[in-house]
Amino acid sequence: MKIYIHSVYLLGFFALSACNSTTQGGEKSQALVAGSQQLLDTTPQQTTATATSGLAAFLFDAIEYNFGRVPEGTKVKHTFKFKNVGKQPLIIAEVHPQCGCTSSEYTKQPVMPNETGEITLELDTSNKRGQTEKNARVVANVEGGTVFLFLKGEIIANEPPSAPYAKPH
């Protein structure tokens, strides 16, 4: 019964956060470690989903990348580097970006204990403006099964081209 309740909770969470690109200013981003209902603060330099029963475990330098201010149409690309600090090989089953404007690449081979891997996210800022935060759900053999990575920043609107001067007839 508890598994069913957690599943319903997670489905509701994902449905509500489907493709909302704008956040309210000043809010601190947090990552949900699925299954445990534990929130991880994304601001520390090191964030990990710890393994308790001999599972694999991520240790990221950071799970959030702030790309600052970029003009609309820029492709923002960032590589999140991690170390497997668990006791088993870390296997990433999938990296699922929040919406179609973000793509991902990741280490496909098992990452052995004390070895490193990478997850790269690329955000296409075309047709986006203002404060933006996008996430990607990383599904792996870690406690809770899921970790979130974040790209955030401000997208500046391009200036519309000025109309050519027309002479009166």
# chains A, B, ... in the order shown; residues from 1 in each chain; ligands from 1
call {"tool": "closest_atom_pairs", "arguments": {"of": "stretch 106-160 of chain A", "to": "stretch 77-94 of chain A", "cutoff": "6 Å", "atoms": "only C-alpha atoms", "output": "CSV"}}
result
residue,atom,partner,partner_atom,distance
A:Pro110,CA,A:Ile91,CA,4.8
A:Val111,CA,A:Leu90,CA,4.9
A:Met112,CA,A:Pro89,CA,4.3
A:Pro113,CA,A:Asn84,CA,5.1
A:Asn114,CA,A:Asn84,CA,5.3
A:Glu115,CA,A:Lys83,CA,5.7
A:Thr116,CA,A:Lys83,CA,4.3
A:Gly117,CA,A:Phe82,CA,5.5
A:Glu118,CA,A:Lys81,CA,4.6
A:Ile119,CA,A:Phe80,CA,5.1
A:Thr120,CA,A:Thr79,CA,4.1
A:Leu121,CA,A:His78,CA,5.6
A:Glu122,CA,A:Lys77,CA,4.2
A:Val139,CA,A:Glu94,CA,5.3
A:Ala140,CA,A:Ile92,CA,4.3
A:Asn141,CA,A:Ile91,CA,5.9
call {"tool": "atom_distance", "arguments": {"atom1": "atom CA of A:Lys75", "atom2": "atom CA of A:Gly145"}}
result
29.2 Å
call {"tool": "atom_distance", "arguments": {"atom1": "atom CA of A:Phe67", "atom2": "atom CA of A:Ile155"}}
result
9.5 Å
call {"tool": "select_by_dssp", "arguments": {"residues": "stretch 47-164 of chain A", "states": "strand (DSSP E)", "output": "short mmCIF file (atom, residue, chain, number, x, y, z; two decimals) with C-alpha atoms, in the first residue's frame"}}
result
data_model
loop_
_atom_site.label_atom_id
_atom_site.label_comp_id
_atom_site.auth_asym_id
_atom_site.auth_seq_id
_atom_site.Cartn_x
_atom_site.Cartn_y
_atom_site.Cartn_z
CA THR A 47 25.39 16.67 -3.35
CA THR A 48 24.92 12.94 -3.10
CA PHE A 58 26.17 9.62 -7.08
CA LEU A 59 28.49 12.33 -5.80
CA PHE A 60 28.06 15.44 -7.98
CA GLU A 64 22.44 22.88 -10.45
CA TYR A 65 24.10 25.00 -13.15
CA ASN A 66 23.26 28.70 -13.34
CA PHE A 67 24.07 29.87 -16.86
CA GLY A 68 23.49 33.54 -16.00
CA ARG A 69 22.01 35.81 -18.69
CA VAL A 70 21.99 34.67 -22.32
CA PRO A 71 20.26 36.00 -25.45
CA LYS A 75 22.18 26.84 -26.84
CA VAL A 76 23.34 26.41 -23.24
CA LYS A 77 25.35 23.25 -22.65
CA HIS A 78 26.70 21.99 -19.32
CA THR A 79 28.34 18.74 -18.23
CA PHE A 80 27.59 17.50 -14.72
CA LYS A 81 30.46 15.33 -13.50
CA PHE A 82 29.90 12.69 -10.86
CA LYS A 83 31.74 9.99 -8.94
CA ASN A 84 30.24 6.65 -7.91
CA ILE A 92 22.15 5.08 -15.52
CA ALA A 93 18.97 3.67 -17.04
CA GLU A 94 17.86 6.98 -18.56
CA VAL A 95 18.12 10.75 -18.35
CA HIS A 96 14.73 12.30 -18.99
CA PRO A 97 14.75 16.11 -19.56
CA THR A 102 16.46 20.16 -23.41
CA SER A 103 18.52 17.23 -24.67
CA SER A 104 20.86 14.91 -22.78
CA GLU A 105 23.91 12.70 -23.22
CA TYR A 106 25.32 10.52 -20.46
CA THR A 116 33.66 9.01 -12.63
CA GLY A 117 31.03 9.66 -15.28
CA GLU A 118 29.24 12.56 -16.95
CA ILE A 119 25.75 13.78 -17.76
CA THR A 120 25.50 16.60 -20.31
CA LEU A 121 22.37 18.71 -20.71
CA GLU A 122 21.79 21.16 -23.56
CA LEU A 123 19.00 23.74 -23.41
CA ASP A 124 17.75 25.44 -26.58
CA GLY A 130 12.82 35.58 -18.61
CA GLN A 131 13.89 33.51 -15.61
CA THR A 132 13.99 29.84 -16.57
CA GLU A 133 14.64 26.63 -14.70
CA LYS A 134 14.70 23.25 -16.44
CA ASN A 135 15.38 19.89 -14.84
CA ALA A 136 16.33 16.42 -15.96
CA ARG A 137 15.36 13.27 -14.08
CA VAL A 138 18.24 10.78 -13.85
CA VAL A 139 17.07 7.20 -13.28
CA ALA A 140 19.79 4.93 -11.91
CA THR A 146 16.02 9.07 -9.14
CA VAL A 147 18.10 12.24 -8.89
CA PHE A 148 17.33 15.61 -10.52
CA LEU A 149 19.76 17.98 -12.27
CA PHE A 150 18.92 21.64 -12.95
CA LEU A 151 19.78 24.32 -15.53
CA LYS A 152 18.68 27.82 -14.63
CA GLY A 153 19.26 31.38 -15.66
CA GLU A 154 17.75 34.35 -17.47
CA ILE A 155 16.97 34.46 -21.17
CA ILE A 156 17.07 37.95 -22.69
#
call {"tool": "atom_distance", "arguments": {"atom1": "atom CA of A:Lys128", "atom2": "atom CA of A:Ile63"}}
result
22.4 Å
call {"tool": "closest_residue", "arguments": {"among": "A:Glu159, A:Cys101, A:Val142, A:Arg129", "to": "A:Ala56", "atoms": "only C-alpha atoms"}}
result
A:Val142
